[in-house]
$ cat work22.cif   # mmCIF, C-alpha atoms
data_model
loop_
_atom_site.label_atom_id
_atom_site.label_comp_id
_atom_site.auth_asym_id
_atom_site.auth_seq_id
_atom_site.Cartn_x
_atom_site.Cartn_y
_atom_site.Cartn_z
CA MET A 894 4.86 -8.47 -31.70
CA TRP A 895 4.59 -4.78 -32.35
CA ILE A 896 1.29 -3.18 -33.35
CA PRO A 897 1.28 0.44 -34.49
CA ILE A 898 -1.57 1.53 -32.23
CA GLN A 899 -1.64 5.24 -31.60
CA LEU A 900 -3.61 6.57 -28.70
CA ASN A 901 -4.68 10.08 -28.00
CA GLU A 902 -4.47 10.25 -24.23
CA GLN A 903 -6.08 13.67 -24.06
CA SER A 904 -9.03 12.69 -26.22
CA ALA A 905 -12.26 12.22 -24.33
CA GLU A 906 -12.89 9.06 -26.34
CA PRO A 907 -12.38 6.04 -24.04
CA LEU A 908 -8.99 4.34 -24.49
CA TYR A 909 -10.50 0.88 -24.85
CA HIS A 910 -12.59 2.20 -27.73
CA GLN A 911 -9.56 3.77 -29.45
CA ILE A 912 -7.61 0.49 -29.19
CA GLU A 913 -10.57 -1.59 -30.31
CA VAL A 914 -11.28 0.51 -33.40
CA GLN A 915 -7.64 0.44 -34.55
CA LEU A 916 -7.15 -3.25 -33.86
CA ARG A 917 -10.36 -4.11 -35.70
CA ALA A 918 -9.19 -2.08 -38.68
CA PHE A 919 -5.84 -3.96 -38.80
CA ILE A 920 -7.64 -7.29 -38.78
CA VAL A 921 -10.43 -6.44 -41.19
CA SER A 922 -8.10 -4.77 -43.68
CA GLY A 923 -5.97 -7.90 -43.74
CA GLN A 924 -2.89 -6.07 -42.39
CA MET A 925 -3.00 -8.66 -39.64
CA PRO A 926 -3.82 -11.89 -41.51
CA GLU A 927 -5.46 -14.99 -40.09
CA GLY A 928 -3.27 -16.77 -37.56
CA THR A 929 -1.28 -13.70 -36.50
CA LEU A 930 -0.30 -14.02 -32.84
CA LEU A 931 -1.25 -10.94 -30.84
CA PRO A 932 0.81 -9.57 -27.97
CA SER A 933 -0.12 -10.91 -24.56
CA ILE A 934 -2.55 -8.80 -22.59
CA ARG A 935 0.26 -7.53 -20.36
CA GLU A 936 2.45 -6.67 -23.36
CA LEU A 937 -0.24 -4.65 -25.08
CA ALA A 938 -1.02 -2.95 -21.78
CA GLN A 939 2.64 -1.95 -21.53
CA LEU A 940 2.67 -0.75 -25.14
CA THR A 941 -0.43 1.39 -24.75
CA LYS A 942 0.09 2.36 -21.09
CA CYS A 943 -3.36 1.00 -20.39
CA SER A 944 -4.36 -1.33 -17.61
CA VAL A 945 -4.67 -5.04 -18.34
CA ILE A 946 -8.35 -4.66 -17.51
CA THR A 947 -8.81 -2.41 -20.55
CA VAL A 948 -6.85 -4.66 -22.90
CA ARG A 949 -8.66 -7.77 -21.70
CA ARG A 950 -11.93 -6.04 -22.46
CA VAL A 951 -10.80 -5.22 -26.03
CA TYR A 952 -9.67 -8.80 -26.68
CA GLN A 953 -12.94 -10.11 -25.28
CA ASP A 954 -15.04 -7.78 -27.46
CA LEU A 955 -13.14 -8.74 -30.61
CA GLU A 956 -13.37 -12.39 -29.68
CA ASN A 957 -17.13 -12.04 -29.36
CA GLU A 958 -17.20 -10.45 -32.82
CA GLY A 959 -15.36 -13.49 -34.15
CA LEU A 960 -12.23 -11.53 -35.11
CA LEU A 961 -9.94 -13.10 -32.49
CA ARG A 962 -9.69 -16.46 -30.84
CA THR A 963 -7.76 -17.47 -27.75
CA ARG A 964 -6.07 -20.81 -27.41
CA GLN A 965 -5.47 -21.72 -23.79
CA GLY A 966 -1.80 -21.54 -22.98
CA THR A 967 -0.66 -20.35 -26.42
CA GLY A 968 -2.19 -16.93 -26.80
CA THR A 969 -4.62 -14.85 -28.80
CA PHE A 970 -4.70 -15.13 -32.60
CA VAL A 971 -6.45 -13.43 -35.49
CA ALA A 972 -9.36 -15.63 -36.54
CA LYS A 973 -10.51 -16.35 -40.05
CA VAL A 974 -12.46 -13.28 -41.05
CA ASP A 975 -15.61 -14.03 -42.95
CA GLU A 976 -15.63 -12.32 -46.40
CA THR A 977 -19.03 -10.69 -45.96
CA LEU A 978 -17.99 -9.45 -42.51
CA ARG A 979 -14.79 -8.06 -43.98
CA ASP A 980 -16.77 -6.32 -46.69
CA THR A 981 -19.25 -4.79 -44.26
CA GLN A 982 -16.41 -3.61 -42.02
CA ARG A 983 -14.51 -2.14 -44.97
CA ARG A 984 -17.60 -0.27 -46.07
CA SER A 985 -18.58 0.94 -42.62
CA THR A 986 -15.15 2.48 -42.00
CA VAL A 987 -15.39 4.51 -45.21
CA ILE A 988 -19.05 5.39 -44.71
CA GLY A 989 -18.17 6.71 -41.26
CA ALA A 990 -15.48 8.97 -42.70
CA ILE A 991 -17.78 10.21 -45.47
CA GLU A 992 -20.54 10.93 -42.95
CA ALA A 993 -18.13 13.11 -40.98
CA ALA A 994 -17.17 14.97 -44.17
CA VAL A 995 -20.81 15.43 -45.16
CA ASP A 996 -21.64 16.78 -41.69
CA ALA A 997 -18.83 19.30 -42.07
CA GLY A 998 -20.20 20.34 -45.46
CA ILE A 999 -23.79 20.68 -44.26
CA ARG A 1000 -22.66 22.81 -41.30
CA VAL A 1001 -21.26 25.44 -43.67
CA HIS A 1002 -24.10 25.14 -46.18
CA PHE A 1003 -22.55 23.55 -49.25
CA THR A 1004 -24.91 22.14 -51.88
CA ASP A 1005 -24.90 18.44 -52.80
CA GLU A 1006 -23.38 19.29 -56.18
CA GLU A 1007 -20.56 21.30 -54.60
CA MET A 1008 -19.77 18.46 -52.21
CA MET A 1009 -19.77 15.86 -55.00
CA GLU A 1010 -17.41 18.13 -56.92
CA MET A 1011 -15.07 18.35 -53.91
CA LEU A 1012 -15.06 14.57 -53.52
CA ARG A 1013 -14.20 14.14 -57.22
CA GLU A 1014 -11.40 16.71 -56.94
CA VAL A 1015 -9.85 15.06 -53.87
CA LEU A 1016 -10.13 11.64 -55.50
CA GLY A 1017 -8.46 12.88 -58.67
CA ARG A 1018 -5.60 14.43 -56.72
CA LYS A 1019 -5.01 11.36 -54.51
CA ARG A 1020 -5.15 8.89 -57.39
CA ALA A 1021 -2.67 10.96 -59.39
CA ALA A 1022 -0.27 11.08 -56.42
CA GLU A 1023 -0.66 7.34 -55.96
CA ALA A 1024 0.17 6.68 -59.61
CA LEU A 1025 3.21 8.94 -59.35
CA THR A 1026 4.73 7.19 -56.32
CA GLU A 1027 4.11 3.82 -57.94
CA ARG A 1028 6.02 4.90 -61.05
CA GLN A 1029 8.93 6.21 -58.97
CA GLY A 1030 8.88 3.14 -56.77
CA ALA A 1031 9.29 5.49 -53.84
CA PRO A 1032 8.15 4.56 -50.35
CA THR A 1033 4.44 5.21 -50.01
CA ASP A 1034 4.78 6.69 -46.54
CA GLU A 1035 2.54 9.73 -46.56
CA GLY A 1036 4.00 12.99 -45.38
CA GLY A 1037 7.41 11.36 -45.39
CA GLU A 1038 9.30 14.61 -45.83
CA PRO A 1039 12.24 15.05 -43.50
CA ALA A 1040 11.46 17.38 -40.62
CA MET B 1050 -13.32 -13.85 -14.22
CA THR B 1051 -13.20 -14.22 -10.45
CA THR B 1052 -10.65 -12.05 -8.76
CA GLU B 1053 -8.75 -13.37 -5.80
CA THR B 1054 -7.43 -11.04 -3.15
CA ALA B 1055 -3.67 -10.81 -2.62
CA VAL B 1056 -3.74 -8.33 0.24
CA ALA B 1057 -6.74 -7.86 2.50
CA ILE B 1058 -6.52 -5.02 5.01
CA GLU B 1059 -9.31 -4.72 7.56
CA GLY B 1060 -9.90 -1.98 10.08
CA LEU B 1061 -6.18 -1.33 10.36
CA VAL B 1062 -5.21 1.40 12.84
CA GLN B 1063 -1.78 2.48 13.99
CA ARG B 1064 -1.52 5.34 16.48
CA ARG B 1065 1.73 7.19 16.99
CA ALA B 1066 2.43 10.39 18.88
CA HIS B 1067 2.60 12.49 15.72
CA PHE B 1068 0.73 10.37 13.22
CA GLU B 1069 -2.33 8.23 13.03
CA LEU B 1070 -2.87 5.73 10.28
CA GLY B 1071 -6.30 4.40 9.48
CA PRO B 1072 -8.72 2.98 9.91
CA VAL B 1073 -7.71 1.42 6.59
CA ASP B 1074 -9.83 -1.09 4.69
CA LEU B 1075 -8.36 -2.16 1.40
CA ASN B 1076 -8.54 -5.22 -0.85
CA ILE B 1077 -5.77 -5.57 -3.40
CA PRO B 1078 -6.54 -8.05 -6.20
CA LYS B 1079 -4.21 -10.84 -7.24
CA GLY B 1080 -2.78 -10.74 -10.75
CA TYR B 1081 -2.57 -6.95 -11.01
CA VAL B 1082 -0.26 -4.04 -10.32
CA THR B 1083 -1.73 -1.77 -7.68
CA ALA B 1084 -0.10 1.58 -7.03
CA ILE B 1085 -0.50 3.27 -3.68
CA VAL B 1086 -0.31 6.93 -4.48
CA GLY B 1087 -0.16 9.81 -2.06
CA PRO B 1088 1.86 12.80 -0.92
CA ASN B 1089 4.88 12.54 1.36
CA GLY B 1090 3.95 11.59 4.90
CA SER B 1091 0.57 10.20 3.94
CA GLY B 1092 1.32 6.82 5.51
CA LYS B 1093 2.44 4.76 2.50
CA SER B 1094 5.57 3.36 4.14
CA SER B 1095 3.79 2.74 7.44
CA LEU B 1096 1.23 0.74 5.53
CA PHE B 1097 3.97 -1.38 3.94
CA ARG B 1098 5.59 -2.05 7.31
CA LEU B 1099 2.24 -3.10 8.75
CA MET B 1100 1.57 -5.35 5.75
CA LEU B 1101 4.81 -7.19 6.43
CA GLY B 1102 4.38 -7.43 10.18
CA LEU B 1103 7.40 -5.15 10.71
CA ALA B 1104 5.18 -2.88 12.78
CA ARG B 1105 2.22 -3.79 14.96
CA PRO B 1106 -1.20 -2.30 14.45
CA ASP B 1107 -3.21 -0.98 17.40
CA SER B 1108 -6.23 -2.68 15.92
CA GLY B 1109 -7.32 -4.45 12.77
CA GLY B 1110 -5.25 -6.78 10.65
CA VAL B 1111 -3.72 -7.75 7.33
CA ARG B 1112 -3.97 -10.96 5.35
CA LEU B 1113 -1.32 -11.57 2.71
CA LEU B 1114 -1.96 -14.32 0.15
CA GLY B 1115 -4.66 -15.68 2.43
CA GLU B 1116 -2.48 -15.82 5.56
CA GLN B 1117 -2.90 -13.61 8.60
CA VAL B 1118 0.13 -11.39 9.24
CA ARG B 1119 1.25 -11.33 12.85
CA GLY B 1120 4.26 -9.91 14.61
CA GLU B 1121 6.31 -13.11 14.61
CA ASP B 1122 8.31 -14.19 11.59
CA ARG B 1123 6.42 -16.54 9.34
CA VAL B 1124 9.11 -17.99 7.14
CA SER B 1125 6.72 -19.96 4.92
CA LEU B 1126 4.70 -16.84 4.13
CA LYS B 1127 7.75 -14.64 3.61
CA THR B 1128 9.28 -17.00 1.05
CA ARG B 1129 6.30 -16.10 -1.15
CA ILE B 1130 6.92 -12.38 -0.88
CA GLY B 1131 9.55 -9.96 -2.17
CA TYR B 1132 10.01 -6.57 -0.53
CA VAL B 1133 12.09 -3.53 -1.39
CA PRO B 1134 11.98 -0.94 1.41
CA GLU B 1135 12.12 2.76 0.78
CA GLU B 1136 15.50 3.24 2.42
CA ALA B 1137 18.57 1.04 2.15
CA ILE B 1138 19.62 -0.53 5.45
CA ASP B 1139 22.84 1.25 6.42
CA ILE B 1140 24.23 -1.46 8.73
CA GLU B 1141 24.76 -3.43 5.50
CA ASP B 1142 27.02 -0.78 4.00
CA ARG B 1143 30.19 -2.83 4.48
CA LEU B 1144 28.65 -5.96 3.00
CA SER B 1145 29.36 -6.73 -0.65
CA GLY B 1146 26.45 -7.50 -2.95
CA GLU B 1147 27.71 -11.09 -3.23
CA ALA B 1148 27.81 -11.51 0.54
CA LYS B 1149 24.30 -10.19 0.98
CA SER B 1150 22.85 -12.40 -1.74
CA ALA B 1151 24.66 -15.46 -0.30
CA PHE B 1152 22.96 -14.72 3.02
CA VAL B 1153 19.53 -13.93 1.60
CA ARG B 1154 19.26 -16.90 -0.74
CA GLN B 1155 19.43 -19.41 2.13
CA TRP B 1156 15.96 -18.37 3.19
CA TYR B 1157 14.34 -18.90 -0.19
CA PRO B 1158 13.93 -22.45 -1.52
CA GLY B 1159 12.74 -21.01 -4.84
CA TRP B 1160 15.88 -18.89 -5.35
CA ASP B 1161 16.70 -18.85 -9.08
CA VAL B 1162 20.35 -18.03 -9.51
CA ASN B 1163 20.10 -17.71 -13.30
CA TYR B 1164 17.25 -15.23 -13.08
CA TYR B 1165 19.13 -13.31 -10.39
CA ARG B 1166 22.24 -13.12 -12.60
CA GLU B 1167 20.16 -12.05 -15.57
CA LEU B 1168 18.55 -9.25 -13.58
CA LEU B 1169 21.95 -8.01 -12.37
CA ARG B 1170 23.24 -8.07 -15.93
CA ARG B 1171 20.25 -6.19 -17.30
CA PHE B 1172 20.43 -3.64 -14.53
CA GLU B 1173 24.23 -3.38 -14.98
CA VAL B 1174 24.91 -4.00 -11.31
CA ASP B 1175 28.35 -5.10 -10.11
CA PRO B 1176 27.62 -7.37 -7.12
CA ALA B 1177 31.29 -7.44 -6.08
CA LEU B 1178 30.99 -3.87 -4.81
CA LYS B 1179 30.28 -3.13 -1.19
CA LEU B 1180 26.69 -1.93 -0.79
CA GLY B 1181 27.89 1.33 0.76
CA LYS B 1182 30.08 1.98 -2.31
CA MET B 1183 27.27 1.49 -4.79
CA SER B 1184 25.52 4.57 -6.13
CA LYS B 1185 22.00 5.07 -4.83
CA GLY B 1186 20.57 3.86 -8.12
CA MET B 1187 22.77 0.77 -8.35
CA ARG B 1188 21.95 -0.22 -4.80
CA ARG B 1189 18.27 0.15 -5.60
CA LYS B 1190 18.61 -2.08 -8.66
CA PHE B 1191 20.56 -4.61 -6.59
CA GLU B 1192 17.84 -4.72 -3.93
CA LEU B 1193 15.17 -5.11 -6.61
CA SER B 1194 17.05 -8.04 -8.22
CA LEU B 1195 17.36 -9.64 -4.80
CA ALA B 1196 13.65 -9.21 -4.09
CA MET B 1197 12.64 -10.78 -7.42
CA ALA B 1198 15.17 -13.64 -7.58
CA HIS B 1199 12.94 -16.20 -5.84
CA HIS B 1200 9.95 -15.51 -8.13
CA PRO B 1201 7.71 -14.18 -5.36
CA GLU B 1202 3.95 -14.34 -5.75
CA LEU B 1203 3.68 -10.89 -4.21
CA LEU B 1204 6.16 -8.07 -4.75
CA LEU B 1205 5.96 -5.08 -2.41
CA LEU B 1206 7.90 -2.07 -3.65
CA ASP B 1207 8.22 1.11 -1.65
CA GLU B 1208 9.15 3.92 -4.06
CA PRO B 1209 10.94 1.49 -6.42
CA SER B 1210 12.43 4.05 -8.76
CA SER B 1211 13.92 6.47 -6.26
CA GLY B 1212 17.47 7.25 -7.37
CA LEU B 1213 17.20 5.57 -10.78
CA ASP B 1214 18.34 7.34 -13.93
CA PRO B 1215 15.90 7.33 -16.89
CA ILE B 1216 17.52 4.35 -18.59
CA ALA B 1217 17.57 2.23 -15.45
CA TRP B 1218 14.01 3.33 -14.82
CA LYS B 1219 12.88 2.00 -18.20
CA THR B 1220 14.71 -1.27 -17.61
CA MET B 1221 12.93 -1.58 -14.28
CA ILE B 1222 9.50 -0.91 -15.79
CA ASP B 1223 10.19 -3.54 -18.42
CA ALA B 1224 11.43 -6.09 -15.86
CA LEU B 1225 8.30 -5.56 -13.76
CA HIS B 1226 6.03 -6.01 -16.77
CA ARG B 1227 7.79 -9.27 -17.59
CA PHE B 1228 7.45 -10.34 -14.00
CA MET B 1229 3.69 -9.85 -14.32
CA GLU B 1230 3.45 -11.70 -17.65
CA ARG B 1231 2.35 -15.00 -16.07
CA GLY B 1232 -0.81 -13.36 -14.81
CA ASP B 1233 -0.93 -14.88 -11.32
CA ARG B 1234 1.53 -12.53 -9.63
CA THR B 1235 0.83 -9.31 -7.80
CA ILE B 1236 2.74 -6.08 -7.37
CA VAL B 1237 1.88 -3.48 -4.77
CA MET B 1238 3.98 -0.38 -5.10
CA ALA B 1239 4.04 2.95 -3.37
CA SER B 1240 4.85 5.77 -5.73
CA HIS B 1241 4.46 9.43 -6.31
CA ILE B 1242 6.06 9.30 -9.74
CA ILE B 1243 3.05 9.85 -11.94
CA ASP B 1244 4.63 8.45 -15.09
CA GLU B 1245 5.53 5.25 -13.29
CA VAL B 1246 1.95 4.81 -12.15
CA ARG B 1247 0.69 5.52 -15.68
CA ARG B 1248 2.95 2.89 -17.16
CA LEU B 1249 2.65 0.13 -14.59
CA ALA B 1250 -0.51 0.29 -12.58
CA ASP B 1251 -3.79 -1.46 -13.23
CA TYR B 1252 -5.35 -0.15 -10.04
CA ILE B 1253 -4.62 2.99 -8.04
CA ALA B 1254 -5.29 3.47 -4.34
CA PHE B 1255 -5.01 7.07 -3.16
CA VAL B 1256 -3.88 7.76 0.38
CA ALA B 1257 -3.65 11.03 2.26
CA GLN B 1258 -3.24 11.82 5.92
CA GLY B 1259 -3.26 8.19 6.94
CA LYS B 1260 -6.50 7.37 5.17
CA VAL B 1261 -7.34 5.58 1.94
CA LEU B 1262 -9.35 7.96 -0.21
CA GLY B 1263 -10.41 5.29 -2.66
CA MET B 1264 -9.26 2.60 -5.04
CA TYR B 1265 -9.89 2.83 -8.77
CA GLU B 1266 -9.19 1.01 -11.99
CA LYS B 1267 -6.64 3.27 -13.68
CA ASP B 1268 -8.20 3.78 -17.11
CA ALA B 1269 -11.73 4.15 -15.75
CA LEU B 1270 -10.42 6.77 -13.32
CA LEU B 1271 -8.63 8.71 -16.03
CA GLU B 1272 -11.73 8.65 -18.21
CA ALA B 1273 -14.10 9.70 -15.48
CA TRP B 1274 -12.25 12.84 -14.41
CA GLN B 1275 -12.72 15.57 -16.98
CA THR B 1276 -12.59 19.31 -17.28
CA MET B 1277 -15.47 20.57 -19.37
CA TYR B 1278 -16.06 23.98 -20.85
CA VAL B 1279 -19.77 24.61 -20.89
CA ASP B 1280 -21.75 27.45 -22.38
CA ALA B 1281 -24.76 27.89 -20.11
CA GLY B 1282 -26.28 30.52 -22.39
CA GLY B 1283 -26.41 33.21 -19.71
CA ARG B 1284 -28.28 31.11 -17.18
CA THR B 1285 -27.04 29.89 -13.82
CA LEU B 1286 -27.19 26.13 -13.50
CA PRO B 1287 -27.27 24.32 -10.15
CA TRP B 1288 -23.70 23.13 -10.74
CA LYS B 1289 -23.38 21.33 -7.44
CA GLU B 1290 -26.12 18.95 -8.58
CA MET B 1291 -24.10 17.93 -11.63
CA PRO B 1292 -23.00 14.28 -11.30
CA GLY B 1293 -19.43 14.03 -9.97
CA TYR B 1294 -19.25 17.80 -9.36
CA ARG B 1295 -15.81 18.92 -8.15
CA SER B 1296 -15.47 22.56 -9.06
CA CYS B 1297 -16.91 25.28 -11.23
CA ASP B 1298 -15.44 28.61 -12.32
CA LEU B 1299 -16.62 31.22 -14.74
CA ALA B 1300 -14.21 31.01 -17.65
CA GLY B 1301 -15.38 34.11 -19.45
CA GLY B 1302 -18.63 35.33 -21.01
CA THR B 1303 -21.30 32.73 -20.40
CA THR B 1304 -18.82 29.85 -20.43
CA TYR B 1305 -18.02 27.87 -17.30
CA LYS B 1306 -15.09 25.58 -16.58
CA VAL B 1307 -16.38 22.62 -14.61
CA VAL B 1308 -14.53 19.62 -13.23
CA THR B 1309 -16.35 16.32 -12.77
CA GLU B 1310 -15.33 12.86 -11.64
CA GLN B 1311 -18.28 11.28 -13.49
CA ALA B 1312 -17.79 12.53 -17.02
CA PHE B 1313 -20.34 10.30 -18.72
CA GLU B 1314 -23.20 11.14 -16.33
CA ALA B 1315 -22.22 14.81 -16.20
CA GLU B 1316 -22.45 15.05 -19.98
CA GLN B 1317 -25.97 13.64 -19.95
CA TRP B 1318 -26.93 16.03 -17.16
CA LEU B 1319 -25.61 18.99 -19.17
CA ALA B 1320 -27.50 17.89 -22.27
CA ALA B 1321 -30.73 17.57 -20.25
CA ALA B 1322 -30.13 21.03 -18.78
CA GLY B 1323 -29.80 22.44 -22.27
CA ALA B 1324 -26.21 23.62 -21.79
CA VAL B 1325 -23.73 23.45 -24.67
CA LEU B 1326 -20.60 21.41 -24.12
CA VAL B 1327 -17.89 23.45 -25.85
CA SER B 1328 -14.93 21.16 -25.14
CA LYS B 1329 -13.73 18.53 -22.71
CA ARG B 1330 -10.43 17.00 -21.76
CA LYS B 1331 -9.13 14.45 -19.30
CA LEU B 1332 -7.35 15.43 -16.15
CA GLU B 1333 -3.80 14.25 -15.54
CA LEU B 1334 -3.24 11.83 -12.70
CA ASP B 1335 -1.45 14.42 -10.56
CA ASP B 1336 -4.36 16.82 -10.92
CA ILE B 1337 -6.73 14.10 -9.77
CA LEU B 1338 -4.48 13.39 -6.79
CA LEU B 1339 -4.32 17.08 -5.92
CA ASN B 1340 -8.07 17.37 -6.17
CA LEU B 1341 -8.66 14.34 -3.95
CA THR B 1342 -6.12 15.32 -1.29
CA GLU B 1343 -7.34 18.89 -1.10
CA HIS B 1344 -10.87 17.61 -0.79
CA ALA B 1345 -9.75 15.26 2.02
CA ARG B 1346 -8.06 18.16 3.81
CA GLY B 1347 -11.31 20.08 3.57
CA VAL B 1348 -9.89 22.83 1.37
CA TYR B 1349 -13.23 22.89 -0.39
#
$ encode --input "work22.cif" --output "structure tokens"
Amino acid sequence: MWIPIQLNEQSAEPLYHQIEVQLRAFIVSGQMPEGTLLPSIRELAQLTKCSVITVRRVYQDLENEGLLRTRQGTGTFVAKVDETLRDTQRRSTVIGAIEAAVDAGIRVHFTDEEMMEMLREVLGRKRAAEALTERQGAPTDEGGEPA
Amino acid sequence: MTTETAVAIEGLVQRRAHFELGPVDLNIPKGYVTAIVGPNGSGKSSLFRLMLGLARPDSGGVRLLGEQVRGEDRVSLKTRIGYVPEEAIDIEDRLSGEAKSAFVRQWYPGWDVNYYRELLRRFEVDPALKLGKMSKGMRRKFELSLAMAHHPELLLLDEPSSGLDPIAWKTMIDALHRFMERGDRTIVMASHIIDEVRRLADYIAFVAQGKVLGMYEKDALLEAWQTMYVDAGGRTLPWKEMPGYRSCDLAGGTTYKVVTEQAFEAEQWLAAAGAVLVSKRKLELDDILLNLTEHARGVY
């Protein structure tokens, strides 16, 4: 199976961490529902140009978190994700992004009110765009303009 | 997970008038792809010949799949191995592909004719051609199909992609990944094609001037080697004490460009020294190789 994992090879962030974060997001968001068969370790290694050692480590970590389970001889599957776990994971992804935005704001000395205003503005713009694409029934692929 | 050893090389030395290999000590794990990477003339092919008992060492020895390699032909051991040499054997030029495979298959009880045919088809090889009439790339693909057709436990490939066009190269990479899918097979390949090593290898062993410079897990290696731009704030730091120190140049102003092979520890060292890490990026595999070989030559 194909998983749209995108790695930044130049980034100083370890590859196993990049794969793990993206895979966890696919599972927690429900994009990869319970029972989905994952690629074999060798296949994912080929896909990501990583060593099988790295991929095995990712699968093991996610198995320990209860997100994956391996059945001997058949492969690795997405496990049933506990609702509270899913909720915590959903929240923590967003909180992480907001923290990064807040750090950026604090660095250049914006006030709380200004930052709240910016968040409201961005939200308003995104929701409007969302409503528009839904009405047109157009593909929701962001930035889908021809090059 | 316990790791078995597929190839165990111990104290291996080969002395020739113009070249000395070793002493080499190297353990290659079973179930992985290990790339032997090094510049031309570093001893990669000699190492392969010694591994197969095609050349005799002056001292030391090699164990393949748990069996000691000696000069004499050990048919039982060789049926478990596939080998593609660097150069085609020119006395076979007048042989057709069919004739060679008919000869070779007799030696391998595990010969799988369907798999062999499938490989030829995927590689678009016409086995009716005489080997000498095949293009370099086609002959290479033919030899590779032949070496894989008996499902060897250990595949030894000396510069597997030499002469292959980009499409054939991709097909080969894919075929080798599929070959490894079962998890209990081993590939040892010599290569200086960096992209091939990136795509296939789990472990990398660097060789230069007849010596093994070290063996590393690929991703850990690529993460550990980094170039960092560091603002030392006008001070001079004892750079050579930085973990994994490789080089240091003044990049401009109070900023230094430092190269480390222990990125994680180096970063902590910099933080403790009160230096500001401006940016960092990973080195490419060829830069790491260059760094290691120059170091081995005593350039710095």
$ resolve_selection --input "work22.cif" --expression "the PyMOL selection byres ((chain A) within 6 of (chain B))" --output "VMD selection string"
chain A and resid 903 905 935 942 944
$ residues_around --input "work22.cif" --residues "Val1124 of chain B" --least-positions-apart "2" --cutoff "12 Å" --atoms "only C-alpha atoms" --output "number ranges by chain"
B: 1101-1102, 1116, 1118-1119, 1121-1122, 1126-1130, 1155-1158
$ atom_distance --input "work22.cif" --atom1 "atom CA of Leu916 of chain A" --atom2 "atom CA of Ile898 of chain A"
7.5 Å
$ residues_near_point --input "work22.cif" --point "(22.0, -4.7, 4.7)" --cutoff "10 Å" --atoms "only C-alpha atoms" --output "PyMOL selection string"
chain B and resi 1137-1146+1148-1149+1180-1181+1192
$ residues_around --input "work22.cif" --residues "Gly1323 of chain B" --least-positions-apart "5" --cutoff "12 Å" --atoms "only C-alpha atoms" --output "tab-separated table (two decimals) with C-alpha atoms, keeping the file's coordinate frame"
chain	number	residue	atom	x	y	z
B	1279	VAL	CA	-19.77	24.61	-20.89
B	1280	ASP	CA	-21.75	27.45	-22.38
B	1281	ALA	CA	-24.76	27.89	-20.11
B	1282	GLY	CA	-26.28	30.52	-22.39
B	1283	GLY	CA	-26.41	33.21	-19.71
B	1284	ARG	CA	-28.28	31.11	-17.18
B	1285	THR	CA	-27.04	29.89	-13.82
B	1286	LEU	CA	-27.19	26.13	-13.50
B	1316	GLU	CA	-22.45	15.05	-19.98
B	1317	GLN	CA	-25.97	13.64	-19.95
B	1318	TRP	CA	-26.93	16.03	-17.16
$ resolve_selection --input "work22.cif" --expression "the PyMOL selection byres ((chain B and resi 1084) around 6)" --output "ChimeraX atom specification"
/B:1083,1085-1086,1237-1239,1250,1253
$ resolve_selection --input "work22.cif" --expression "the PyMOL selection byres ((chain B and resi 1295) around 10)" --output "list in words"
Trp1274, Gln1275, Thr1276, Trp1288, Lys1289, Met1291, Pro1292, Gly1293, Tyr1294, Ser1296, Cys1297, Val1307, Val1308, Thr1309, Glu1310, Gln1311, Asn1340, Leu1341, His1344 and Tyr1349 of chain B
$ residues_around --input "work22.cif" --residues "Arg1188 of chain B" --least-positions-apart "2" --cutoff "12 Å" --atoms "all atoms listed in the file" --output "ChimeraX atom specification"
/B:1133-1139,1141-1142,1144-1146,1149,1169,1172-1186,1190-1195,1209-1213,1217
$ residues_around --input "work22.cif" --residues "Ile934 of chain A" --least-positions-apart "6" --cutoff "10 Å" --atoms "only C-alpha atoms" --output "list in words"
Leu940, Ser944, Val945, Ile946, Thr947, Val948, Arg949, Arg950, Val951, Tyr952, Gly968 and Thr969 of chain A; Glu1230 and Gly1232 of chain B
$ atom_distance --input "work22.cif" --atom1 "atom CA of Leu930 of chain A" --atom2 "atom CA of Gln899 of chain A"
19.3 Å
$ residues_around --input "work22.cif" --residues "Ala918 of chain A" --least-positions-apart "2" --cutoff "12 Å" --atoms "only C-alpha atoms" --output "JSON list (two decimals) with C-alpha atoms, keeping the file's coordinate frame"
[["chain", "number", "residue", "atom", "x", "y", "z"],
["A", 896, "ILE", "CA", 1.29, -3.18, -33.35],
["A", 897, "PRO", "CA", 1.28, 0.44, -34.49],
["A", 898, "ILE", "CA", -1.57, 1.53, -32.23],
["A", 911, "GLN", "CA", -9.56, 3.77, -29.45],
["A", 912, "ILE", "CA", -7.61, 0.49, -29.19],
["A", 913, "GLU", "CA", -10.57, -1.59, -30.31],
["A", 914, "VAL", "CA", -11.28, 0.51, -33.40],
["A", 915, "GLN", "CA", -7.64, 0.44, -34.55],
["A", 916, "LEU", "CA", -7.15, -3.25, -33.86],
["A", 920, "ILE", "CA", -7.64, -7.29, -38.78],
["A", 921, "VAL", "CA", -10.43, -6.44, -41.19],
["A", 922, "SER", "CA", -8.10, -4.77, -43.68],
["A", 923, "GLY", "CA", -5.97, -7.90, -43.74],
["A", 924, "GLN", "CA", -2.89, -6.07, -42.39],
["A", 925, "MET", "CA", -3.00, -8.66, -39.64],
["A", 926, "PRO", "CA", -3.82, -11.89, -41.51],
["A", 955, "LEU", "CA", -13.14, -8.74, -30.61],
["A", 960, "LEU", "CA", -12.23, -11.53, -35.11],
["A", 974, "VAL", "CA", -12.46, -13.28, -41.05],
["A", 979, "ARG", "CA", -14.79, -8.06, -43.98],
["A", 980, "ASP", "CA", -16.77, -6.32, -46.69],
["A", 981, "THR", "CA", -19.25, -4.79, -44.26],
["A", 982, "GLN", "CA", -16.41, -3.61, -42.02],
["A", 983, "ARG", "CA", -14.51, -2.14, -44.97],
["A", 984, "ARG", "CA", -17.60, -0.27, -46.07],
["A", 985, "SER", "CA", -18.58, 0.94, -42.62],
["A", 986, "THR", "CA", -15.15, 2.48, -42.00],
["A", 987, "VAL", "CA", -15.39, 4.51, -45.21]]
